[in-house]
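Data block for final_13.cif (mmCIF, C-alpha atoms and all ligand atoms):
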data_work
#
loop_
_atom_site.label_atom_id
_atom_site.label_comp_id
_atom_site.auth_asym_id
_atom_site.auth_seq_id
_atom_site.Cartn_x
_atom_site.Cartn_y
_atom_site.Cartn_z
CA MET X 1 76.88 142.61 176.97
CA ASN X 2 74.37 141.98 174.18
CA ALA X 3 75.12 144.48 171.45
CA LEU X 4 71.75 144.03 169.74
CA THR X 5 69.81 145.16 172.84
CA LEU X 6 72.18 148.09 173.34
CA ALA X 7 72.06 149.10 169.67
CA LYS X 8 68.24 148.94 169.63
CA GLU X 9 68.18 151.44 172.50
CA ILE X 10 70.04 153.97 170.34
CA ALA X 11 68.43 153.02 167.02
CA ASP X 12 66.73 156.41 166.58
CA GLU X 13 69.96 158.22 167.32
CA ILE X 14 71.85 156.16 164.69
CA THR X 15 69.12 156.88 162.11
CA GLY X 16 69.31 160.60 163.02
CA TRP X 17 73.10 160.68 162.53
CA ARG X 18 72.70 159.03 159.14
CA ARG X 19 70.13 161.61 158.07
CA ASP X 20 72.27 164.52 159.29
CA LEU X 21 75.22 163.14 157.30
CA HIS X 22 72.97 162.59 154.29
CA ARG X 23 72.35 166.36 154.16
CA ILE X 24 76.05 167.25 153.94
CA PRO X 25 77.69 164.86 151.46
CA GLU X 26 81.32 165.47 150.50
CA ILE X 27 83.64 163.66 148.13
CA GLY X 28 87.30 162.65 148.07
CA LEU X 29 89.99 162.78 150.72
CA ASN X 30 88.94 166.00 152.41
CA LEU X 31 85.52 165.91 154.04
CA PRO X 32 85.60 168.91 156.44
CA LYS X 33 81.89 169.02 157.32
CA THR X 34 81.56 165.25 157.63
CA ALA X 35 84.66 164.96 159.82
CA ALA X 36 83.47 167.88 161.98
CA TYR X 37 80.12 166.13 162.42
CA VAL X 38 81.75 162.84 163.42
CA THR X 39 84.20 164.45 165.85
CA ALA X 40 81.40 166.54 167.41
CA ARG X 41 79.48 163.32 168.18
CA LEU X 42 82.68 161.69 169.55
CA ASP X 43 83.23 164.78 171.72
CA GLU X 44 79.70 164.41 173.12
CA MET X 45 80.51 160.78 173.96
CA GLY X 46 83.73 161.81 175.72
CA ILE X 47 85.82 159.89 173.19
CA SER X 48 89.24 161.14 172.07
CA TYR X 49 90.46 160.61 168.52
CA GLN X 50 93.38 161.01 166.15
CA LEU X 51 93.20 163.27 163.08
CA PHE X 52 95.50 163.49 160.04
CA GLU X 53 96.95 166.32 158.02
CA ARG X 54 96.50 165.14 154.45
CA HIS X 55 93.03 163.58 154.67
CA SER X 56 89.87 163.57 156.79
CA GLY X 57 90.37 160.12 158.34
CA ILE X 58 89.55 159.76 162.04
CA VAL X 59 90.88 157.03 164.32
CA VAL X 60 89.44 156.12 167.73
CA LEU X 61 91.01 153.66 170.15
CA LEU X 62 88.85 152.04 172.85
CA GLY X 63 89.53 149.35 175.47
CA LYS X 64 92.65 148.49 177.40
CA PRO X 65 96.10 147.56 176.17
CA THR X 66 95.87 143.88 177.03
CA GLY X 67 95.21 141.15 174.51
CA LYS X 68 94.42 141.67 170.88
CA THR X 69 93.36 144.68 168.79
CA ILE X 70 90.61 144.63 166.19
CA ALA X 71 89.83 147.41 163.71
CA LEU X 72 86.31 148.35 162.58
CA ARG X 73 86.20 150.43 159.44
CA ALA X 74 83.54 152.72 157.92
CA ASP X 75 83.82 154.86 154.81
CA MET X 76 82.43 158.42 155.00
CA ASP X 77 82.50 159.84 151.46
CA ALA X 78 79.72 160.50 148.94
CA LEU X 79 79.46 160.76 145.14
CA PRO X 80 79.26 163.56 142.55
CA ILE X 81 75.57 162.87 141.89
CA LYS X 82 72.71 165.38 142.23
CA GLU X 83 70.08 163.76 144.46
CA LEU X 84 66.56 163.22 143.06
CA VAL X 85 65.07 161.74 146.25
CA GLU X 86 62.75 164.14 148.08
CA SER X 87 62.94 163.95 151.89
CA ASP X 88 63.43 166.28 154.81
CA PHE X 89 67.07 165.21 154.88
CA LYS X 90 67.76 165.63 151.14
CA SER X 91 71.31 166.57 150.14
CA GLU X 92 71.92 170.29 150.51
CA ASN X 93 74.58 170.42 147.78
CA GLU X 94 75.58 168.97 144.40
CA TYR X 95 76.75 165.65 145.86
CA MET X 96 74.87 162.64 147.20
CA HIS X 97 75.31 159.72 149.56
CA ALA X 98 74.17 157.23 146.92
CA CYS X 99 76.25 154.28 148.15
CA GLY X 100 75.21 154.29 151.82
CA HIS X 101 78.47 155.53 153.33
CA ASP X 102 76.44 157.96 155.48
CA ALA X 103 74.81 154.86 156.98
CA HIS X 104 78.19 153.15 157.48
CA THR X 105 79.51 156.19 159.35
CA ALA X 106 76.37 156.41 161.52
CA MET X 107 76.58 152.69 162.34
CA LEU X 108 80.22 153.06 163.43
CA LEU X 109 79.29 156.07 165.60
CA GLY X 110 76.77 153.74 167.25
CA VAL X 111 79.57 151.25 167.89
CA ALA X 112 81.65 154.04 169.47
CA LYS X 113 78.82 154.93 171.84
CA ILE X 114 78.15 151.33 172.91
CA LEU X 115 81.78 150.28 173.32
CA LYS X 116 82.68 153.49 175.19
CA ALA X 117 79.91 152.74 177.72
CA HIS X 118 81.24 149.18 178.12
CA GLU X 119 84.93 149.92 177.73
CA ASP X 120 85.98 148.16 180.94
CA GLU X 121 84.40 144.92 179.69
CA LEU X 122 86.57 144.88 176.55
CA ASN X 123 89.13 142.08 176.56
CA GLY X 124 91.60 144.07 174.42
CA GLN X 125 91.38 147.09 172.12
CA VAL X 126 89.04 148.20 169.37
CA LYS X 127 90.26 150.69 166.78
CA LEU X 128 87.58 152.56 164.83
CA LEU X 129 88.67 153.72 161.38
CA PHE X 130 86.52 156.44 159.81
CA GLN X 131 87.84 156.60 156.26
CA PRO X 132 87.44 159.14 153.41
CA ALA X 133 87.64 158.71 149.63
CA GLU X 134 86.47 155.12 149.17
CA GLU X 135 84.82 156.17 145.90
CA GLY X 136 88.16 157.59 144.80
CA PRO X 137 91.02 158.30 144.90
CA GLY X 138 91.12 155.90 147.88
CA GLY X 139 91.47 156.60 151.59
CA ALA X 140 92.54 153.20 152.91
CA ALA X 141 96.04 153.28 151.39
CA PRO X 142 96.98 156.74 152.78
CA MET X 143 95.61 155.76 156.19
CA ILE X 144 97.77 152.61 156.17
CA GLU X 145 100.79 154.77 155.16
CA ASP X 146 99.95 157.00 158.14
CA GLY X 147 100.28 153.96 160.39
CA VAL X 148 96.68 153.28 161.43
CA LEU X 149 97.34 149.53 161.50
CA GLU X 150 100.21 150.02 163.99
CA ASN X 151 100.45 151.31 167.60
CA PRO X 152 98.78 149.18 168.69
CA LYS X 153 99.22 146.66 165.91
CA VAL X 154 95.86 145.62 164.45
CA ASP X 155 95.29 141.83 164.51
CA ALA X 156 92.00 141.67 162.61
CA ILE X 157 89.45 143.83 160.85
CA LEU X 158 85.70 143.96 160.28
CA ALA X 159 83.69 146.22 157.98
CA LEU X 160 80.30 146.22 156.33
CA HIS X 161 78.52 147.66 153.31
CA CYS X 162 74.83 148.28 152.68
CA ASP X 163 73.44 145.88 150.08
CA ARG X 164 70.57 145.84 147.57
CA THR X 165 71.26 142.77 145.41
CA PRO X 166 67.95 142.10 143.62
CA GLY X 167 66.27 138.79 142.93
CA MET X 168 67.84 136.72 145.71
CA GLY X 169 64.88 136.76 148.12
CA TYR X 170 66.83 138.59 150.83
CA GLN X 171 64.89 140.43 153.55
CA ASN X 172 65.84 143.79 154.99
CA GLY X 173 68.10 143.26 157.96
CA ASP X 174 69.70 140.11 156.54
CA MET X 175 73.45 139.77 156.98
CA LEU X 176 75.10 138.54 153.75
CA VAL X 177 78.59 137.09 153.67
CA LYS X 178 80.91 135.09 151.46
CA TYR X 179 84.20 133.28 152.07
CA GLY X 180 87.24 134.34 150.06
CA ASN X 181 87.19 137.35 147.76
CA ILE X 182 83.99 139.31 148.38
CA THR X 183 84.87 142.20 146.03
CA ALA X 184 86.94 142.28 142.85
CA ALA X 185 90.27 143.81 141.91
CA ASP X 186 89.31 147.13 140.37
CA ASP X 187 91.84 148.73 137.97
CA GLN X 188 91.77 151.21 135.12
CA ILE X 189 93.50 151.07 131.72
CA ASP X 190 94.42 153.88 129.35
CA ILE X 191 95.27 152.99 125.77
CA ARG X 192 96.46 155.31 123.02
CA ILE X 193 96.69 153.96 119.49
CA PHE X 194 98.84 156.02 117.12
CA GLY X 195 98.32 155.74 113.36
CA LYS X 196 99.02 158.15 110.54
CA GLY X 197 96.24 160.57 109.73
CA GLY X 198 95.25 161.82 106.30
CA HIS X 199 92.49 162.01 103.71
CA GLY X 200 89.53 159.71 104.19
CA ALA X 201 89.63 158.88 100.47
CA GLN X 202 93.26 157.71 100.67
CA PRO X 203 93.42 155.06 103.42
CA HIS X 204 96.38 153.38 101.66
CA LEU X 205 98.52 156.44 102.43
CA CYS X 206 97.47 156.38 106.11
CA VAL X 207 97.45 154.06 109.10
CA ASP X 208 93.86 154.31 110.30
CA PRO X 209 93.91 154.16 114.13
CA VAL X 210 90.09 153.89 114.23
CA ALA X 211 90.20 150.59 112.33
CA VAL X 212 93.02 149.37 114.59
CA ALA X 213 91.05 150.43 117.69
CA ALA X 214 88.05 148.42 116.51
CA LEU X 215 90.25 145.30 116.28
CA VAL X 216 91.84 146.00 119.66
CA ILE X 217 88.44 146.45 121.33
CA ASN X 218 87.23 143.13 119.90
CA ASN X 219 90.45 141.20 120.48
CA LEU X 220 90.63 142.23 124.14
CA GLN X 221 87.21 140.63 124.75
CA TYR X 222 88.68 137.28 123.66
CA ILE X 223 90.69 137.37 126.88
CA ILE X 224 87.40 137.07 128.78
CA SER X 225 85.72 134.48 126.55
CA ARG X 226 88.71 132.32 125.50
CA GLU X 227 91.58 132.80 127.93
CA VAL X 228 90.33 133.31 131.47
CA LYS X 229 89.55 129.97 133.08
CA PRO X 230 85.79 129.35 133.23
CA GLY X 231 84.79 129.77 136.86
CA LYS X 232 87.19 132.66 137.35
CA ALA X 233 85.61 136.06 136.90
CA ALA X 234 87.01 138.94 134.88
CA VAL X 235 85.51 141.97 133.15
CA ILE X 236 87.05 144.32 130.60
CA THR X 237 84.83 147.34 129.93
CA LEU X 238 86.15 149.98 127.55
CA ALA X 239 83.86 152.84 128.48
CA THR X 240 85.56 155.71 126.65
CA VAL X 241 86.65 155.74 123.01
CA GLN X 242 87.66 159.07 121.50
CA ALA X 243 88.82 159.78 117.94
CA GLY X 244 88.40 162.44 115.31
CA ARG X 245 86.70 165.80 115.64
CA GLY X 246 83.45 165.21 113.80
CA ALA X 247 84.75 165.26 110.21
CA GLU X 248 83.69 162.46 107.85
CA ASN X 249 86.78 162.67 105.62
CA ILE X 250 89.76 162.99 107.97
CA ILE X 251 91.49 159.88 109.24
CA PRO X 252 92.75 160.94 112.68
CA ASP X 253 96.26 160.43 114.03
CA GLU X 254 95.24 158.68 117.20
CA VAL X 255 92.50 157.03 119.25
CA TYR X 256 92.16 157.20 123.01
CA ILE X 257 90.52 154.33 124.89
CA ARG X 258 89.87 154.18 128.64
CA GLY X 259 88.25 151.40 130.60
CA THR X 260 87.95 149.41 133.78
CA VAL X 261 89.34 145.91 134.36
CA ARG X 262 87.85 143.78 137.14
CA ASN X 263 89.25 140.47 138.33
CA SER X 264 88.07 138.06 141.01
CA ASP X 265 91.58 137.41 142.34
CA MET X 266 95.17 138.56 142.05
CA GLU X 267 96.36 135.65 139.84
CA THR X 268 93.64 136.29 137.27
CA ARG X 269 94.46 139.98 137.45
CA ALA X 270 98.15 139.38 136.64
CA PHE X 271 97.23 137.08 133.74
CA VAL X 272 94.64 139.46 132.27
CA PHE X 273 97.07 142.39 132.47
CA GLN X 274 99.76 140.39 130.70
CA ARG X 275 97.37 139.34 127.91
CA ILE X 276 96.05 142.91 127.44
CA ASP X 277 99.63 144.03 126.86
CA GLU X 278 100.43 141.16 124.46
CA ILE X 279 97.22 141.40 122.42
CA LEU X 280 97.49 145.17 122.11
CA LYS X 281 101.11 144.85 121.02
CA GLY X 282 100.37 142.10 118.49
CA THR X 283 97.30 143.77 117.00
CA CYS X 284 99.05 147.12 116.61
CA MET X 285 102.15 145.50 115.11
CA ALA X 286 100.03 143.62 112.54
CA MET X 287 98.27 146.83 111.56
CA ARG X 288 101.40 149.07 111.50
CA ALA X 289 100.18 151.23 114.41
CA ASP X 290 101.97 152.25 117.58
CA TYR X 291 100.46 152.26 121.02
CA GLU X 292 100.85 153.36 124.59
CA LEU X 293 99.38 151.37 127.48
CA LYS X 294 99.03 152.53 131.06
CA PHE X 295 97.54 150.56 133.94
CA ASP X 296 96.22 152.59 136.84
CA TYR X 297 96.45 150.14 139.67
CA GLY X 298 93.24 150.51 141.66
CA TYR X 299 91.82 148.48 144.53
CA PRO X 300 92.74 144.86 145.37
CA PRO X 301 89.94 142.41 146.26
CA VAL X 302 88.61 142.28 149.83
CA PHE X 303 89.53 138.80 151.04
CA ASN X 304 87.39 137.15 153.73
CA GLU X 305 89.71 134.92 155.74
CA GLN X 306 88.29 131.58 156.91
CA SER X 307 88.45 131.87 160.71
CA MET X 308 87.41 135.54 160.81
CA THR X 309 84.43 134.71 158.59
CA ASP X 310 83.53 131.64 160.70
CA GLY X 311 83.65 133.91 163.78
CA MET X 312 81.54 136.66 162.23
CA ILE X 313 78.92 134.16 161.05
CA ALA X 314 78.70 132.71 164.57
CA THR X 315 78.31 136.21 166.02
CA ALA X 316 75.61 137.13 163.50
CA LYS X 317 73.65 133.91 164.06
CA ASN X 318 73.70 134.47 167.82
CA LEU X 319 72.54 138.06 167.45
CA LEU X 320 70.02 137.88 164.62
CA GLY X 321 69.07 134.19 164.37
CA ASP X 322 70.18 131.59 161.82
CA ASP X 323 67.63 132.60 159.18
CA LYS X 324 68.93 136.20 158.98
CA VAL X 325 72.45 135.13 158.00
CA LYS X 326 72.86 134.32 154.29
CA LEU X 327 75.96 132.77 152.78
CA TYR X 328 76.47 133.37 149.10
CA THR X 329 79.09 132.28 146.59
CA GLU X 330 78.54 134.43 143.52
CA GLN X 331 81.50 136.69 142.72
CA ALA X 332 80.54 140.37 142.67
CA MET X 333 82.74 142.54 140.45
CA GLY X 334 82.46 145.76 142.44
CA GLY X 335 85.62 147.30 143.88
CA GLU X 336 86.18 148.40 147.47
CA ASP X 337 89.33 150.02 148.81
CA ALA X 338 89.00 148.20 152.13
CA GLY X 339 90.90 145.58 150.10
CA PHE X 340 94.12 147.38 151.12
CA PHE X 341 93.35 146.76 154.82
CA TYR X 342 92.39 143.14 154.16
CA GLN X 343 95.70 142.53 152.35
CA LYS X 344 97.51 143.43 155.58
CA VAL X 345 95.18 142.02 158.23
CA PRO X 346 92.85 138.97 158.30
CA GLY X 347 89.25 140.04 158.40
CA CYS X 348 85.62 139.64 157.45
CA PHE X 349 83.68 142.07 155.27
CA PHE X 350 79.93 141.54 155.19
CA ARG X 351 76.81 143.16 153.80
CA LEU X 352 73.63 144.43 155.45
CA TYR X 353 70.60 144.15 153.18
CA ASN X 354 68.57 147.36 153.49
CA PRO X 355 67.20 148.74 150.20
CA ALA X 356 64.08 150.91 150.03
CA PRO X 357 61.97 151.95 147.04
CA PHE X 358 62.05 155.33 145.32
CA VAL X 359 58.74 157.20 145.08
CA ASP X 360 57.93 155.32 141.82
CA GLY X 361 58.08 152.00 143.70
CA GLU X 362 61.33 150.85 142.09
CA ILE X 363 64.49 149.98 143.96
CA TYR X 364 67.37 151.72 142.22
CA PRO X 365 70.98 150.54 142.36
CA GLY X 366 73.82 152.18 144.23
CA HIS X 367 75.35 155.24 142.54
CA ASN X 368 71.90 156.24 141.21
CA ALA X 369 70.31 159.64 141.96
CA ARG X 370 67.16 157.73 143.08
CA PHE X 371 69.03 155.62 145.65
CA VAL X 372 67.02 155.11 148.86
CA LEU X 373 67.89 152.91 151.83
CA ASP X 374 65.95 151.64 154.83
CA ASP X 375 67.67 153.41 157.72
CA SER X 376 65.35 151.98 160.40
CA ILE X 377 67.54 148.87 160.76
CA LEU X 378 70.98 150.44 160.86
CA TYR X 379 71.19 149.50 164.55
CA GLU X 380 71.64 145.90 163.34
CA GLY X 381 74.86 146.89 161.59
CA THR X 382 76.04 148.63 164.75
CA ALA X 383 75.24 145.50 166.76
CA LEU X 384 77.03 143.19 164.30
CA LEU X 385 80.24 145.28 164.31
CA ALA X 386 80.26 145.83 168.09
CA GLN X 387 79.49 142.22 168.98
CA GLY X 388 81.84 140.96 166.26
CA ALA X 389 84.67 142.92 167.89
CA VAL X 390 83.81 141.81 171.44
CA ASP X 391 83.55 138.16 170.40
CA PHE X 392 86.88 138.32 168.53
CA LEU X 393 88.66 139.76 171.58
CA ASN X 394 87.13 137.03 173.75
CA ARG X 395 88.13 134.19 171.42
ZN ZN O 1 80.04 153.17 145.87
ZN ZN O 2 80.26 152.03 148.76
#

Conversion result in structure tokens:
Amino acid sequence: MNALTLAKEIADEITGWRRDLHRIPEIGLNLPKTAAYVTARLDEMGISYQLFERHSGIVVLLGKPTGKTIALRADMDALPIKELVESDFKSENEYMHACGHDAHTAMLLGVAKILKAHEDELNGQVKLLFQPAEEGPGGAAPMIEDGVLENPKVDAILALHCDRTPGMGYQNGDMLVKYGNITAADDQIDIRIFGKGGHGAQPHLCVDPVAVAALVINNLQYIISREVKPGKAAVITLATVQAGRGAENIIPDEVYIRGTVRNSDMETRAFVFQRIDEILKGTCMAMRADYELKFDYGYPPVFNEQSMTDGMIATAKNLLGDDKVKLYTEQAMGGEDAGFFYQKVPGCFFRLYNPAPFVDGEIYPGHNARFVLDDSILYEGTALLAQGAVDFLNR
């Protein structure tokens, strides 16, 4: 079978599914309308599926129990953003598919339709994972806990994400891929600095936690500029700093700081975490303040394994032509909870370039209320996933 020909035949249907899903965005682990939409389409295709009690994940198993099993994963959730894009499929509620997960779900439905029609040609099994809560609190980890990588045991995994990286000369419909870590480790930190509040005119009788926080915020950035090996990528962004209640003459008792920490790999992550702890401790000790530090462990990087990536590149070149497949090396610092799957199973995660301009002519980034994507080429994503699975099972 040639998945590109088959996917082209259902291109309008895939686009229609994406637009239907775009109207009904939901966030988090429970996506009742989205899951009902997906299962209704699977019912029409005569495909059975597994549902779960504590989240809206959906698992489909196709093929025959001989040979290997490959998983194909799509995320289904949206974001708490009020859409500003006018269209006849504009979001009907307060949320928005501003990351393209509606497109991912539609593309995987296309895979279901194609592989169901050619099930007897499959040289093994294909497990489709429709996953909630990628944008938080995370749906991959609970699905793994619920055993989706077992029975049958999954040997490999493929997934894709829509892409809109500017300034690289990519064309819509290009397949973009990278060896090694393709997303970053994505963690949160909470810091509380405790001083001793008092009168703003008597700092010598106080321990000013605002002054200590200023030192902490600066000192932590030295981890990035002076301690992380050049060539490794790490980001510390302290996005929330709260202290005081608006008075000009009251030194507060404490400061609250919250931020995100991104690392290109797990070794850098461990090192950066250790240095955050040490620098916070040392700075607070020098300034007579106390502190509390909490790491919220988020998503690990998605790791593109060598042979799976070689295989996916070969599949993509056969399907789309050499010039549509773009290898890149730059480390992106975005997080992606598919990382939990890729820690357990070798796989390839790739990107499909498909941005479209907002009405003002500008292309806005993901997670923006003016996010628009070109949904005329989603069939390519369907073809890449379906053919990638078939080729893996035949290897
Ligand atoms: Zn996103
Ligand atoms: Zn996303």

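Take the candidates X:Thr105, X:Ser225, X:Ser48, X:Ser56 and check each one against ligand ZN 2 (chain O) using only C-alpha atoms and all ligand atoms; the shortest distance goes to X:Thr105.
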
- Query: What's the 9 Å shell around region 303-311 of chain X, counting only C-alpha atoms, without same-chain residues fewer than 3 positions away, as number ranges by chain?
  - Reply: X: 156-158, 177-183, 300, 314-316, 339, 342-343, 346-350, 388, 391-392, 395

Polymer residues at most 6 Å from region 284-290 of chain X, all atoms listed in the file, same-chain spacing of 5 or more positions, as a PDB file with C-alpha atoms, keeping the file's coordinate frame:
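Saved as selection18.pdb:
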ATOM      1  CA  ILE X 193      96.690 153.960 119.490  1.00  0.00           C
ATOM      2  CA  PHE X 194      98.840 156.020 117.120  1.00  0.00           C
ATOM      3  CA  GLY X 195      98.320 155.740 113.360  1.00  0.00           C
TER       4      GLY X 195
END

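Nearest-residue note for Lys68 (chain X): choosing from X:Asn249, X:Leu385, X:Val228, X:Gly124, the minimum distance belongs to X:Gly124, counting only C-alpha atoms.
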
Using only C-alpha atoms and all ligand atoms, tabulate the residues of chain X lying at most 7 Å from any atom of ligand ZN 1 (chain O), each with its closest atom pair and that distance in Å to one decimal, by chain and increasing residue number, as a Markdown table.
| residue | atom | partner | partner_atom | distance |
| --- | --- | --- | --- | --- |
| X:Cys99 | CA | O:ZN1 | ZN | 4.6 |
| X:Glu135 | CA | O:ZN1 | ZN | 5.6 |
| X:Gly366 | CA | O:ZN1 | ZN | 6.5 |
| X:His367 | CA | O:ZN1 | ZN | 6.1 |

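Residues of protein, DNA or RNA lying at most 9 Å from ligand ZN 2 (chain O), when all atoms listed in the file are considered, are Asp75, Asp77, Ala78, Ala98, Cys99, Gly100, His101, Glu134, Glu135, His161, Cys162, Gly335, Glu336, Gly366 and His367 of chain X.
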
- Message: With all atoms listed in the file as the counted atoms, please give the residues lying no more than 7 Å from Val154 (chain X), apart from itself and same-chain residues fewer than 4 positions off, as a PyMOL selection string.
- Response: chain X and resi 69-71+149-150

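Between CA of Leu128 (chain X) and CA of Met312 (chain X) lies a distance of 17.2 Å.
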
- Item | Nearest-residue call for Asp322 (chain X), choices X:Met175, X:Met107, X:Val148, X:Val59, using only C-alpha atoms | X:Met175

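If all atoms listed in the file are the atoms counted, then among X:Met168, X:Leu62, X:Ile377, X:Ile27 the closest residue to Ile114 (chain X) is X:Leu62.
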
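Among the candidate residues X:Asp190, X:Val390, X:Thr240, X:Asp88, the one lying nearest to Asp120 (chain X) is X:Val390, with distances computed using all atoms listed in the file.
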
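Ranking X:Leu319, X:Leu160, X:Leu6, X:Ala233 by their shortest atom-to-atom distance to Ala184 (chain X), with only C-alpha atoms included, puts X:Ala233 first.
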
- Message: as a count of residues only, please: the residues near Ala243 (chain X) (cut-off 8 Å, all atoms listed in the file, same-chain neighbours under 4 positions excluded).
- Response: 5

What's around region 17-24 of chain X at 9 Å? Count all atoms listed in the file, leave out sequence neighbours fewer than 5 positions away in its own chain, and write the answer as a short mmCIF file (atom, residue, chain, number, x, y, z; two decimals) with C-alpha atoms, keeping the file's coordinate frame.
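Saved result, result39.cif, follows:
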data_model
loop_
_atom_site.label_atom_id
_atom_site.label_comp_id
_atom_site.auth_asym_id
_atom_site.auth_seq_id
_atom_site.Cartn_x
_atom_site.Cartn_y
_atom_site.Cartn_z
CA ASP X 12 66.73 156.41 166.58
CA LYS X 33 81.89 169.02 157.32
CA THR X 34 81.56 165.25 157.63
CA TYR X 37 80.12 166.13 162.42
CA VAL X 38 81.75 162.84 163.42
CA ARG X 41 79.48 163.32 168.18
CA MET X 76 82.43 158.42 155.00
CA ALA X 78 79.72 160.50 148.94
CA ASP X 88 63.43 166.28 154.81
CA PHE X 89 67.07 165.21 154.88
CA LYS X 90 67.76 165.63 151.14
CA SER X 91 71.31 166.57 150.14
CA GLU X 92 71.92 170.29 150.51
CA ASN X 93 74.58 170.42 147.78
CA TYR X 95 76.75 165.65 145.86
CA MET X 96 74.87 162.64 147.20
CA HIS X 97 75.31 159.72 149.56
CA GLY X 100 75.21 154.29 151.82
CA HIS X 101 78.47 155.53 153.33
CA ASP X 102 76.44 157.96 155.48
CA ALA X 103 74.81 154.86 156.98
CA HIS X 104 78.19 153.15 157.48
CA THR X 105 79.51 156.19 159.35
CA ALA X 106 76.37 156.41 161.52
CA MET X 107 76.58 152.69 162.34
CA LEU X 109 79.29 156.07 165.60
CA ASP X 375 67.67 153.41 157.72
CA LEU X 378 70.98 150.44 160.86
#
